[in-house]
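Chemist: Next comes coords_31.txt, compact mmCIF, C-alpha atoms:
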```
# COMPACT_ATOMS: atom_id res chain seq x y z
CA MET A 1 13.45 17.57 -35.88
CA LYS A 2 10.39 15.99 -34.34
CA TYR A 3 11.47 14.83 -30.85
CA SER A 4 13.76 16.07 -28.09
CA PHE A 5 14.41 13.92 -25.02
CA ILE A 6 15.02 16.02 -21.89
CA VAL A 7 16.84 14.28 -19.03
CA PRO A 8 17.65 16.15 -15.79
CA VAL A 9 20.24 14.36 -13.68
CA TYR A 10 21.68 14.73 -10.20
CA ASN A 11 24.54 12.42 -9.19
CA ARG A 12 23.35 9.52 -11.36
CA PRO A 13 26.03 8.77 -14.01
CA ASP A 14 25.35 5.01 -14.00
CA GLU A 15 21.64 5.57 -14.60
CA VAL A 16 22.35 7.98 -17.45
CA ASP A 17 24.61 5.38 -19.03
CA GLU A 18 21.79 2.82 -19.07
CA LEU A 19 19.26 5.33 -20.38
CA LEU A 20 21.49 6.53 -23.23
CA ALA A 21 22.32 2.95 -24.17
CA SER A 22 18.60 2.22 -24.48
CA LEU A 23 18.06 5.28 -26.67
CA LEU A 24 20.62 3.90 -29.12
CA GLY A 25 18.21 1.06 -29.86
CA GLN A 26 15.24 3.21 -30.94
CA THR A 27 13.78 2.18 -34.26
CA LEU A 28 13.06 5.84 -35.08
CA ALA A 29 16.08 8.13 -35.34
CA ASP A 30 14.52 11.60 -35.63
CA PHE A 31 15.41 12.80 -32.14
CA GLU A 32 17.97 14.59 -30.01
CA VAL A 33 18.90 14.05 -26.39
CA ILE A 34 19.48 16.91 -23.95
CA VAL A 35 21.07 15.99 -20.62
CA VAL A 36 20.96 18.70 -17.95
CA GLU A 37 23.39 18.22 -15.07
CA ASP A 38 21.70 19.85 -12.08
CA GLY A 39 24.68 20.82 -9.94
CA SER A 40 25.90 17.25 -9.44
CA SER A 41 28.97 16.48 -7.35
CA VAL A 42 29.32 13.27 -9.38
CA PRO A 43 28.81 14.46 -12.98
CA CYS A 44 27.91 12.34 -15.97
CA LYS A 45 29.85 14.27 -18.64
CA ASP A 46 32.24 11.37 -19.28
CA VAL A 47 29.25 9.11 -19.81
CA CYS A 48 27.69 11.55 -22.26
CA ASP A 49 30.98 11.92 -24.13
CA LYS A 50 30.93 8.16 -24.69
CA TYR A 51 27.70 8.50 -26.67
CA ALA A 52 28.41 11.83 -28.38
CA ASP A 53 29.29 10.23 -31.75
CA ARG A 54 26.32 7.84 -31.70
CA LEU A 55 23.49 10.12 -30.57
CA ASP A 56 22.54 13.70 -31.32
CA LEU A 57 23.45 14.47 -27.72
CA HIS A 58 23.78 17.83 -25.97
CA TYR A 59 25.15 18.06 -22.44
CA PHE A 60 24.62 21.10 -20.21
CA ALA A 61 25.78 21.72 -16.65
CA LYS A 62 24.13 24.29 -14.38
CA PRO A 63 23.83 25.13 -10.66
CA ASN A 64 21.37 23.02 -8.69
CA SER A 65 17.77 24.22 -8.90
CA GLY A 66 15.76 21.00 -8.81
CA PRO A 67 14.38 18.75 -11.55
CA GLY A 68 11.52 20.99 -12.67
CA GLN A 69 13.69 24.00 -13.44
CA SER A 70 16.32 21.75 -15.03
CA ARG A 71 13.69 20.37 -17.40
CA ASN A 72 12.72 23.93 -18.33
CA TYR A 73 16.40 24.73 -18.95
CA GLY A 74 16.64 21.79 -21.34
CA VAL A 75 13.41 22.57 -23.20
CA GLU A 76 14.57 26.16 -23.81
CA ARG A 77 17.50 24.66 -25.73
CA ALA A 78 15.55 21.95 -27.54
CA LYS A 79 14.77 21.88 -31.25
CA GLY A 80 12.12 19.17 -31.48
CA GLU A 81 8.45 19.70 -32.22
CA TYR A 82 7.74 17.55 -29.15
CA VAL A 83 9.78 17.37 -25.96
CA ILE A 84 9.78 14.09 -24.02
CA VAL A 85 10.81 14.38 -20.40
CA LEU A 86 12.36 11.28 -18.84
CA ASP A 87 13.78 10.74 -15.38
CA SER A 88 17.36 9.50 -15.29
CA ASP A 89 16.28 6.26 -13.61
CA VAL A 90 14.28 4.95 -16.57
CA VAL A 91 15.23 2.72 -19.48
CA VAL A 92 13.24 2.78 -22.72
CA PRO A 93 12.44 -0.27 -24.87
CA ASP A 94 13.42 -0.26 -28.54
CA GLY A 95 9.89 0.48 -29.70
CA TYR A 96 9.20 3.37 -27.33
CA LEU A 97 9.51 6.27 -29.79
CA LYS A 98 7.76 4.30 -32.54
CA ALA A 99 4.82 3.80 -30.17
CA VAL A 100 4.72 7.55 -29.47
CA ASP A 101 4.91 8.37 -33.19
CA ASP A 102 2.15 5.89 -34.07
CA GLU A 103 -0.18 7.31 -31.39
CA LEU A 104 0.38 10.88 -32.56
CA ALA A 105 -0.26 9.84 -36.16
CA ARG A 106 -3.47 8.09 -35.13
CA GLU A 107 -4.80 10.96 -33.02
CA PRO A 108 -2.94 14.24 -32.29
CA ALA A 109 -2.26 15.34 -28.71
CA ASP A 110 -0.75 18.40 -27.08
CA ALA A 111 0.61 16.34 -24.21
CA PHE A 112 0.90 12.66 -23.42
CA GLY A 113 2.45 10.13 -21.12
CA GLY A 114 2.93 6.42 -20.70
CA PRO A 115 3.03 3.83 -17.92
CA ASP A 116 6.04 2.15 -16.35
CA ARG A 117 7.11 -1.42 -15.69
CA ALA A 118 9.75 -3.36 -13.80
CA HIS A 119 12.61 -4.80 -15.87
CA ALA A 120 13.74 -8.39 -15.37
CA SER A 121 17.16 -7.10 -14.26
CA PHE A 122 15.70 -5.02 -11.41
CA THR A 123 16.30 -6.19 -7.87
CA ASP A 124 13.50 -8.00 -6.08
CA THR A 125 12.97 -4.92 -3.91
CA GLN A 126 12.63 -2.68 -6.97
CA LYS A 127 10.11 -5.08 -8.49
CA ALA A 128 8.15 -5.09 -5.23
CA ILE A 129 8.16 -1.29 -5.12
CA SER A 130 7.05 -1.15 -8.75
CA TYR A 131 4.16 -3.50 -7.96
CA SER A 132 3.09 -1.38 -4.99
CA MET A 133 3.00 1.74 -7.17
CA THR A 134 0.97 0.23 -10.01
CA SER A 135 -1.26 -2.43 -8.46
CA PHE A 136 -5.03 -2.11 -8.26
CA PHE A 137 -4.79 -3.18 -4.59
CA THR A 138 -2.61 -0.20 -3.64
CA THR A 139 -3.22 2.70 -6.00
CA GLY A 140 -6.39 1.49 -7.69
CA GLY A 141 -4.32 0.88 -10.81
CA ILE A 142 -4.32 4.59 -11.66
CA ARG A 143 -0.58 4.45 -12.40
CA GLY A 144 -0.60 1.08 -14.08
CA GLY A 145 -1.29 2.21 -17.63
CA LYS A 146 -4.95 1.21 -17.87
CA LYS A 147 -7.46 3.20 -19.88
CA LYS A 148 -9.37 5.49 -17.55
CA LEU A 149 -12.66 7.31 -17.80
CA ASP A 150 -11.36 10.51 -16.20
CA LYS A 151 -8.42 12.70 -17.18
CA PHE A 152 -4.93 11.30 -17.53
CA TYR A 153 -2.20 13.33 -15.85
CA PRO A 154 1.29 12.50 -17.21
CA ARG A 155 4.12 12.08 -14.69
CA SER A 156 7.58 13.52 -15.20
CA TYR A 157 9.32 10.15 -15.49
CA ASN A 158 7.60 9.67 -18.89
CA MET A 159 5.93 12.80 -20.20
CA GLY A 160 5.68 14.38 -23.64
CA VAL A 161 4.49 17.87 -24.58
CA ARG A 162 4.42 19.91 -27.76
CA ARG A 163 7.33 22.30 -27.34
CA ASP A 164 5.28 25.38 -28.27
CA VAL A 165 2.67 24.41 -25.65
CA TYR A 166 5.38 23.78 -23.05
CA LEU A 167 6.95 27.19 -23.62
CA ARG A 168 3.59 28.99 -23.76
CA LEU A 169 2.60 27.55 -20.37
CA GLY A 170 5.98 28.21 -18.78
CA GLY A 171 6.80 24.55 -18.17
CA PHE A 172 7.28 23.21 -14.66
CA SER A 173 6.64 25.48 -11.70
CA LYS A 174 8.97 25.92 -8.73
CA MET A 175 6.92 23.56 -6.57
CA ARG A 176 9.30 21.25 -4.76
CA PHE A 177 7.04 18.19 -4.97
CA GLY A 178 4.13 17.47 -7.33
CA GLU A 179 5.41 19.84 -9.99
CA ASP A 180 4.51 17.35 -12.75
CA ILE A 181 0.85 17.13 -11.70
CA ASP A 182 0.78 20.92 -11.36
CA PHE A 183 1.99 21.18 -14.96
CA SER A 184 -0.54 18.59 -16.16
CA ILE A 185 -3.37 20.50 -14.47
CA ARG A 186 -2.28 23.71 -16.20
CA ILE A 187 -2.17 21.87 -19.52
CA PHE A 188 -5.82 20.89 -19.09
CA GLU A 189 -6.80 24.36 -17.88
CA ALA A 190 -5.30 25.81 -21.06
CA GLY A 191 -7.71 23.72 -23.11
CA CYS A 192 -4.99 21.40 -24.43
CA ARG A 193 -5.54 17.73 -25.17
CA CYS A 194 -3.67 15.24 -23.00
CA ARG A 195 -3.68 11.48 -23.63
CA LEU A 196 -2.38 8.21 -22.24
CA PHE A 197 -0.20 6.24 -24.68
CA PRO A 198 -0.37 2.68 -23.27
CA GLY A 199 2.27 1.39 -25.69
CA ALA A 200 4.81 4.09 -24.80
CA TRP A 201 5.92 2.52 -21.52
CA VAL A 202 9.30 2.65 -19.83
CA TRP A 203 11.18 0.54 -17.31
CA HIS A 204 11.33 2.64 -14.15
CA LYS A 205 13.75 1.75 -11.36
CA ARG A 206 12.09 3.99 -8.76
CA ARG A 207 13.79 3.74 -5.34
CA THR A 208 16.24 0.99 -4.41
CA ASP A 209 15.25 0.45 -0.76
CA PHE A 210 12.28 0.96 1.51
CA ARG A 211 13.79 3.91 3.41
CA LYS A 212 14.21 5.94 0.22
CA PHE A 213 10.81 4.75 -0.98
CA PHE A 214 9.13 5.97 2.21
CA ARG A 215 10.70 9.39 1.77
CA GLN A 216 9.52 9.53 -1.85
CA VAL A 217 5.90 8.67 -1.07
CA PHE A 218 5.90 10.91 2.02
CA ASN A 219 6.81 13.78 -0.32
CA SER A 220 4.01 12.71 -2.66
CA GLY A 221 1.52 12.98 0.20
CA ILE A 222 2.76 16.51 0.91
CA ALA A 223 2.46 17.35 -2.79
CA ARG A 224 -1.17 16.27 -2.88
CA ILE A 225 -2.13 18.81 -0.21
CA ASN A 226 -0.05 21.53 -1.87
CA LEU A 227 -1.86 20.80 -5.13
CA TYR A 228 -5.20 20.88 -3.30
CA LYS A 229 -4.40 24.36 -1.97
CA LYS A 230 -3.74 25.56 -5.53
CA TYR A 231 -6.45 23.53 -7.27
CA PRO A 232 -9.18 22.42 -4.81
CA GLU A 233 -10.98 20.50 -7.54
CA SER A 234 -7.91 18.28 -8.08
CA LEU A 235 -8.45 16.33 -4.85
CA LYS A 236 -10.32 13.09 -5.59
CA LEU A 237 -11.60 10.30 -3.38
CA VAL A 238 -8.79 7.99 -4.45
CA HIS A 239 -6.24 10.48 -3.07
CA LEU A 240 -7.78 10.12 0.39
CA LEU A 241 -7.47 6.34 0.56
CA PRO A 242 -3.82 6.19 1.75
CA MET A 243 -4.72 8.60 4.56
CA VAL A 244 -7.69 6.39 5.51
CA PHE A 245 -5.39 3.36 5.41
CA THR A 246 -2.83 5.11 7.64
CA VAL A 247 -5.41 6.17 10.22
CA GLY A 248 -7.11 2.78 10.09
CA VAL A 249 -3.94 0.71 10.55
CA THR A 250 -2.77 2.98 13.36
CA ALA A 251 -6.13 2.65 15.10
CA LEU A 252 -6.12 -1.14 14.77
CA VAL A 253 -2.64 -1.40 16.24
CA LEU A 254 -3.59 0.86 19.15
CA VAL A 255 -6.73 -1.17 19.87
CA SER A 256 -4.63 -4.33 19.87
CA ALA A 257 -2.17 -2.71 22.29
CA VAL A 258 -5.04 -1.81 24.62
CA GLY A 259 -6.21 -5.41 24.50
CA ARG A 260 -2.72 -6.63 25.36
CA VAL A 261 -2.54 -4.28 28.36
CA LEU A 262 -5.95 -5.45 29.60
CA MET A 263 -4.85 -9.08 29.30
CA GLU A 264 -1.71 -8.31 31.28
CA TYR A 265 -3.41 -6.52 34.18
CA ASP A 266 -6.70 -8.39 34.25
CA GLY A 267 -4.91 -11.71 34.53
CA ILE A 268 -7.40 -13.55 32.30
CA ASP A 269 -7.71 -14.18 28.57
CA ARG A 270 -11.12 -12.62 28.00
CA TRP A 271 -9.43 -9.68 26.28
CA TYR A 272 -7.65 -11.94 23.80
CA TRP A 273 -10.11 -11.10 21.03
CA LEU A 274 -9.37 -7.39 21.50
CA CYS A 275 -5.64 -8.07 21.26
CA ALA A 276 -5.70 -10.41 18.25
CA GLY A 277 -8.82 -9.32 16.34
CA PRO A 278 -7.50 -6.01 14.97
CA TRP A 279 -4.67 -7.82 13.21
CA LEU A 280 -7.08 -9.89 11.10
CA PRO A 281 -7.87 -7.22 8.43
CA ILE A 282 -4.17 -6.27 8.31
CA LEU A 283 -3.22 -9.92 7.79
CA LEU A 284 -5.89 -10.42 5.12
CA TYR A 285 -4.66 -7.39 3.21
CA ALA A 286 -1.07 -8.62 3.44
CA ILE A 287 -2.12 -12.01 2.06
CA LEU A 288 -3.96 -10.28 -0.81
CA ILE A 289 -0.86 -8.29 -1.72
CA PHE A 290 1.38 -11.37 -1.45
CA ILE A 291 -0.82 -13.45 -3.76
CA GLY A 292 -1.39 -10.64 -6.25
CA SER A 293 2.28 -9.76 -6.55
CA SER A 294 3.47 -13.38 -6.60
CA VAL A 295 1.15 -14.11 -9.51
CA ALA A 296 1.97 -10.87 -11.36
CA ASN A 297 5.74 -11.28 -10.95
CA LYS A 298 5.81 -15.10 -10.98
CA ASN A 299 8.10 -14.89 -7.98
CA LEU A 300 7.27 -15.70 -4.35
CA LYS A 301 10.13 -13.60 -2.97
CA VAL A 302 8.91 -10.52 -4.84
CA GLY A 303 5.43 -11.30 -3.57
CA LEU A 304 6.72 -11.40 -0.01
CA LEU A 305 8.65 -8.14 -0.41
CA SER A 306 5.58 -6.50 -1.93
CA VAL A 307 3.82 -6.72 1.45
CA PRO A 308 6.17 -4.24 3.22
CA ALA A 309 6.41 -2.24 -0.02
CA ALA A 310 2.63 -1.79 -0.10
CA PHE A 311 2.49 -0.80 3.57
CA VAL A 312 5.38 1.66 3.11
CA GLN A 313 3.71 3.13 0.03
CA LEU A 314 0.31 3.66 1.64
CA TYR A 315 1.51 4.55 5.13
CA GLY A 316 4.24 6.91 3.88
CA TYR A 317 1.87 8.74 1.55
CA GLY A 318 -0.75 8.92 4.28
CA CYS A 319 1.74 10.35 6.79
CA GLY A 320 2.88 13.00 4.32
CA PHE A 321 -0.72 13.84 3.49
CA LEU A 322 -1.71 14.22 7.14
CA THR A 323 1.41 16.24 7.98
CA ALA A 324 0.75 18.66 5.14
CA TRP A 325 -2.97 18.83 5.95
CA TRP A 326 -2.19 19.76 9.55
CA LYS A 327 0.35 22.43 8.68
CA ARG A 328 -1.39 23.93 5.66
CA CYS A 329 -5.13 23.40 6.19
CA VAL A 330 -5.37 23.52 9.99
CA ARG A 331 -2.51 25.82 10.97
CA GLY A 332 -2.67 27.88 7.76
CA LYS A 333 1.02 27.81 6.93
CA ASP A 334 2.44 28.53 3.49
CA GLU A 335 3.80 25.81 1.24
CA PHE A 336 6.64 24.09 3.05
CA HIS A 337 9.42 21.66 2.26
CA ALA A 338 9.50 18.32 4.00
CA PHE A 339 13.26 18.00 3.58
CA ASP A 340 16.04 20.55 3.26
CA LYS A 341 18.01 18.32 0.92
CA THR A 342 17.38 18.32 -2.83
CA PHE A 343 14.88 15.96 -4.41
CA TYR A 344 17.55 13.65 -5.83
CA ASN A 345 19.59 13.11 -2.63
```
For this file, produce the structure as structure tokens.
Modeler:
Amino acid sequence: MKYSFIVPVYNRPDEVDELLASLLGQTLADFEVIVVEDGSSVPCKDVCDKYADRLDLHYFAKPNSGPGQSRNYGVERAKGEYVIVLDSDVVVPDGYLKAVDDELAREPADAFGGPDRAHASFTDTQKAISYSMTSFFTTGGIRGGKKKLDKFYPRSYNMGVRRDVYLRLGGFSKMRFGEDIDFSIRIFEAGCRCRLFPGAWVWHKRRTDFRKFFRQVFNSGIARINLYKKYPESLKLVHLLPMVFTVGVTALVLVSAVGRVLMEYDGIDRWYWLCAGPWLPILLYAILIFIGSSVANKNLKVGLLSVPAAFVQLYGYGCGFLTAWWKRCVRGKDEFHAFDKTFYN
């Protein structure tokens, strides 16, 4: 067998149903699916049973230990030459596995990954969040599936690895956040070849509202500092930009507030420029996001929702980054967890 799909799941039976349904449509059939139930209170066994006679499907249930260790659990039981890790909140197009197979036939790789997109059925908020995570104006396009000059680090929502390489490197670490980048870094350090497969994309639902999205990107900011402490060379200029954005927006708002106070107590409007001026770059950036997303999604509502999505994405990441920097780099604390609850809550 050539391919094994590994899907960790925590309280997401509906998502697993959609994912398994999409795997039925693959034009290549040489694969198995391993679903690892990570201590869910709402299991997906009934969903898996529904597909048991149509897919080479193996369902395992285990105590909760987080997505990284659940992926390792699944890979230990896999039979494929390559293991493909997917998050439960993705859906794969019919040509996904064919695209992977064609890329490997063209040029071998020890590890690989693909980009993600928003499906037409996603809510407007999900589409806005997807835009904020892949746009050049928010992340520099580093997660949008473009060819890059530097190294490509696969993410766990869409990541493939030769099974022998995976097992030799020990798979995912016990890091709470950023465990996929940690694994990708170790793949490179082992001298393995890692490539981007632009055609092997998935539809990725990400988070369904801005509160959950903020928590996700806050955790990502924490992960970046934790990764920096393990691999100092992994911190790039692009990783600092959300922090700069966070500090900059906060400073502009505070300057505006000072201007408003001076207007109030001075009794004249000469401080109006200090009150209104700082909002100009914020407004210009919001307009840029609105236009970019409206054109990309062909939808004005999604464009409008992309403005708060972009601010949540950058500000949340920046806050997590600064929090972790203060605790780990300034106060010298060990790796810490931002939330006591599990990653999938």
Chemist: Show which residues sit within 10 Å of Pro154 of chain A, as an MDAnalysis selection string. Count all atoms listed in the file, and ignore same-chain residues fewer than 6 positions away.
Modeler: chainID A and resid 111:115 143 160:161 180:181 183:185 194:197
Chemist: Which residue out of A:Val302, A:Leu227, A:Met263, A:Val258 has the minimum interatomic distance to Met175 of chain A when only C-alpha atoms are used?
Modeler: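 So, comparing all the options, the nearest one is A:Leu227.
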Chemist: Write out as a PDB file with C-alpha atoms, in the coordinates of the input which residues come within 10 Å of Cys48 of chain A when counting only C-alpha atoms, dropping same-chain ones fewer than 5 positions away.
Modeler:
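Dumped to selection-v7.pdb:
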```pdb
ATOM      1  CA  PRO A  13      26.030   8.770 -14.010  1.00  0.00           C
ATOM      2  CA  VAL A  16      22.350   7.980 -17.450  1.00  0.00           C
ATOM      3  CA  ASP A  17      24.610   5.380 -19.030  1.00  0.00           C
ATOM      4  CA  LEU A  20      21.490   6.530 -23.230  1.00  0.00           C
ATOM      5  CA  ILE A  34      19.480  16.910 -23.950  1.00  0.00           C
ATOM      6  CA  VAL A  35      21.070  15.990 -20.620  1.00  0.00           C
ATOM      7  CA  PRO A  43      28.810  14.460 -12.980  1.00  0.00           C
ATOM      8  CA  ASP A  53      29.290  10.230 -31.750  1.00  0.00           C
ATOM      9  CA  LEU A  55      23.490  10.120 -30.570  1.00  0.00           C
ATOM     10  CA  LEU A  57      23.450  14.470 -27.720  1.00  0.00           C
ATOM     11  CA  HIS A  58      23.780  17.830 -25.970  1.00  0.00           C
ATOM     12  CA  TYR A  59      25.150  18.060 -22.440  1.00  0.00           C
TER      13      TYR A  59
END
```
Chemist: Could you list, as a VMD selection string, every residue within 12 Å of segment 319-334 of chain A, counting all atoms listed in the file and ignoring same-chain residues fewer than 6 positions away?
Modeler: chain A and resid 177 214 to 230 232 235 239 to 247 249 to 250 311 to 313
Chemist: Can those selected residues be exported to a file as a PDB file, in the frame of the given file so that it contains C-alpha atoms?
Modeler:
```
ATOM      1  CA  PHE A 177       7.040  18.190  -4.970  1.00  0.00           C
ATOM      2  CA  PHE A 214       9.130   5.970   2.210  1.00  0.00           C
ATOM      3  CA  ARG A 215      10.700   9.390   1.770  1.00  0.00           C
ATOM      4  CA  GLN A 216       9.520   9.530  -1.850  1.00  0.00           C
ATOM      5  CA  VAL A 217       5.900   8.670  -1.070  1.00  0.00           C
ATOM      6  CA  PHE A 218       5.900  10.910   2.020  1.00  0.00           C
ATOM      7  CA  ASN A 219       6.810  13.780  -0.320  1.00  0.00           C
ATOM      8  CA  SER A 220       4.010  12.710  -2.660  1.00  0.00           C
ATOM      9  CA  GLY A 221       1.520  12.980   0.200  1.00  0.00           C
ATOM     10  CA  ILE A 222       2.760  16.510   0.910  1.00  0.00           C
ATOM     11  CA  ALA A 223       2.460  17.350  -2.790  1.00  0.00           C
ATOM     12  CA  ARG A 224      -1.170  16.270  -2.880  1.00  0.00           C
ATOM     13  CA  ILE A 225      -2.130  18.810  -0.210  1.00  0.00           C
ATOM     14  CA  ASN A 226      -0.050  21.530  -1.870  1.00  0.00           C
ATOM     15  CA  LEU A 227      -1.860  20.800  -5.130  1.00  0.00           C
ATOM     16  CA  TYR A 228      -5.200  20.880  -3.300  1.00  0.00           C
ATOM     17  CA  LYS A 229      -4.400  24.360  -1.970  1.00  0.00           C
ATOM     18  CA  LYS A 230      -3.740  25.560  -5.530  1.00  0.00           C
ATOM     19  CA  PRO A 232      -9.180  22.420  -4.810  1.00  0.00           C
ATOM     20  CA  LEU A 235      -8.450  16.330  -4.850  1.00  0.00           C
ATOM     21  CA  HIS A 239      -6.240  10.480  -3.070  1.00  0.00           C
ATOM     22  CA  LEU A 240      -7.780  10.120   0.390  1.00  0.00           C
ATOM     23  CA  LEU A 241      -7.470   6.340   0.560  1.00  0.00           C
ATOM     24  CA  PRO A 242      -3.820   6.190   1.750  1.00  0.00           C
ATOM     25  CA  MET A 243      -4.720   8.600   4.560  1.00  0.00           C
ATOM     26  CA  VAL A 244      -7.690   6.390   5.510  1.00  0.00           C
ATOM     27  CA  PHE A 245      -5.390   3.360   5.410  1.00  0.00           C
ATOM     28  CA  THR A 246      -2.830   5.110   7.640  1.00  0.00           C
ATOM     29  CA  VAL A 247      -5.410   6.170  10.220  1.00  0.00           C
ATOM     30  CA  VAL A 249      -3.940   0.710  10.550  1.00  0.00           C
ATOM     31  CA  THR A 250      -2.770   2.980  13.360  1.00  0.00           C
ATOM     32  CA  PHE A 311       2.490  -0.800   3.570  1.00  0.00           C
ATOM     33  CA  VAL A 312       5.380   1.660   3.110  1.00  0.00           C
ATOM     34  CA  GLN A 313       3.710   3.130   0.030  1.00  0.00           C
TER      35      GLN A 313
END
```
Chemist: What does the distance between atom CA of Asp14 of chain A and atom CA of Ala52 of chain A come to in Å, to one decimal place?
Modeler: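 If I compute the distance from atom CA of Asp14 of chain A to atom CA of Ala52 of chain A, I get 16.2 Å.
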Chemist: For atom CA of Thr123 of chain A and atom CA of His204 of chain A, determine how far apart the two atoms are, in Å to one decimal place.
Modeler: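 Atom CA of Thr123 of chain A sits 11.9 Å away from atom CA of His204 of chain A.
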Chemist: Just how far from atom CA of Arg155 of chain A is atom CA of Phe188 of chain A, in Å to one decimal?
Modeler: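 Rounded to one decimal, the two atoms are 14.0 Å apart.
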Chemist: Find the residues around Lys62 of chain A up to 7 Å (only C-alpha atoms counted), leave out those fewer than 5 positions away in its own chain, and share them as number ranges by chain.
Modeler: A: 37-39
Chemist: Could you write those residues out with C-alpha atoms, as a PDB file, in the coordinates of the input?
Modeler:
```
ATOM      1  CA  GLU A  37      23.390  18.220 -15.070  1.00  0.00           C
ATOM      2  CA  ASP A  38      21.700  19.850 -12.080  1.00  0.00           C
ATOM      3  CA  GLY A  39      24.680  20.820  -9.940  1.00  0.00           C
TER       4      GLY A  39
END
```
Chemist: Write out as a VMD selection string the residues lying within 10 Å of segment 120-122 of chain A, counting all atoms listed in the file and excluding same-chain residues fewer than 5 positions away.
Modeler: chain A and resid 127 to 128 130 203 to 205 208 297
Chemist: Would you save the residues of that selection, restricted to C-alpha atoms, as an mmCIF file, in the coordinates of the input?
Modeler:
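Output file again-v3.cif is given in full below:
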```cif
data_model
loop_
_atom_site.group_PDB
_atom_site.id
_atom_site.type_symbol
_atom_site.label_atom_id
_atom_site.label_comp_id
_atom_site.auth_asym_id
_atom_site.auth_seq_id
_atom_site.Cartn_x
_atom_site.Cartn_y
_atom_site.Cartn_z
ATOM 1 C CA LYS A 127 10.110 -5.080 -8.490
ATOM 2 C CA ALA A 128 8.150 -5.090 -5.230
ATOM 3 C CA SER A 130 7.050 -1.150 -8.750
ATOM 4 C CA TRP A 203 11.180 0.540 -17.310
ATOM 5 C CA HIS A 204 11.330 2.640 -14.150
ATOM 6 C CA LYS A 205 13.750 1.750 -11.360
ATOM 7 C CA THR A 208 16.240 0.990 -4.410
ATOM 8 C CA ASN A 297 5.740 -11.280 -10.950
#
```
Chemist: Which one is closest to Gly170 of chain A: A:Val75, A:Leu97, A:Ile287, A:Val307? Count only C-alpha atoms.
Modeler: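 Of all the options, A:Val75 lies closest to Gly170 of chain A.
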Chemist: Using all atoms listed in the file, can you tell me which of A:Ile6, A:Leu104, A:Cys275, A:Ile129 comes closest to Pro67 of chain A?
Modeler: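 Closest to Pro67 of chain A, using all atoms listed in the file: A:Ile6.
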Chemist: Taking only C-alpha atoms into account, which of A:Glu81, A:Gly74, A:Glu335, A:Tyr285 comes nearest Gly178 of chain A?
Modeler: A:Glu335
Chemist: Using only C-alpha atoms, can you tell me which of A:Gly199, A:Gly303, A:Tyr3, A:Met159 comes closest to Glu103 of chain A?
Modeler: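 Among the listed residues, A:Gly199 lies closest to Glu103 of chain A.
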Chemist: Check the smallest atom-to-atom distance from each of A:Asn158, A:Ser293, A:Thr138, A:Ser173 to Leu314 of chain A using all atoms listed in the file, then report the winner.
Modeler: A:Thr138
Chemist: Produce the centre coordinates and the three edge lengths, each in Å to one decimal, of the box along x, y and z that contains all listed atoms of segment 209-226 of chain A with 3 Å added on each side, as lines of an AutoDock Vina configuration file.
Modeler:
```
center_x = 6.6
center_y = 11.0
center_z = 0.3
size_x = 23.4
size_y = 27.1
size_z = 12.3
```
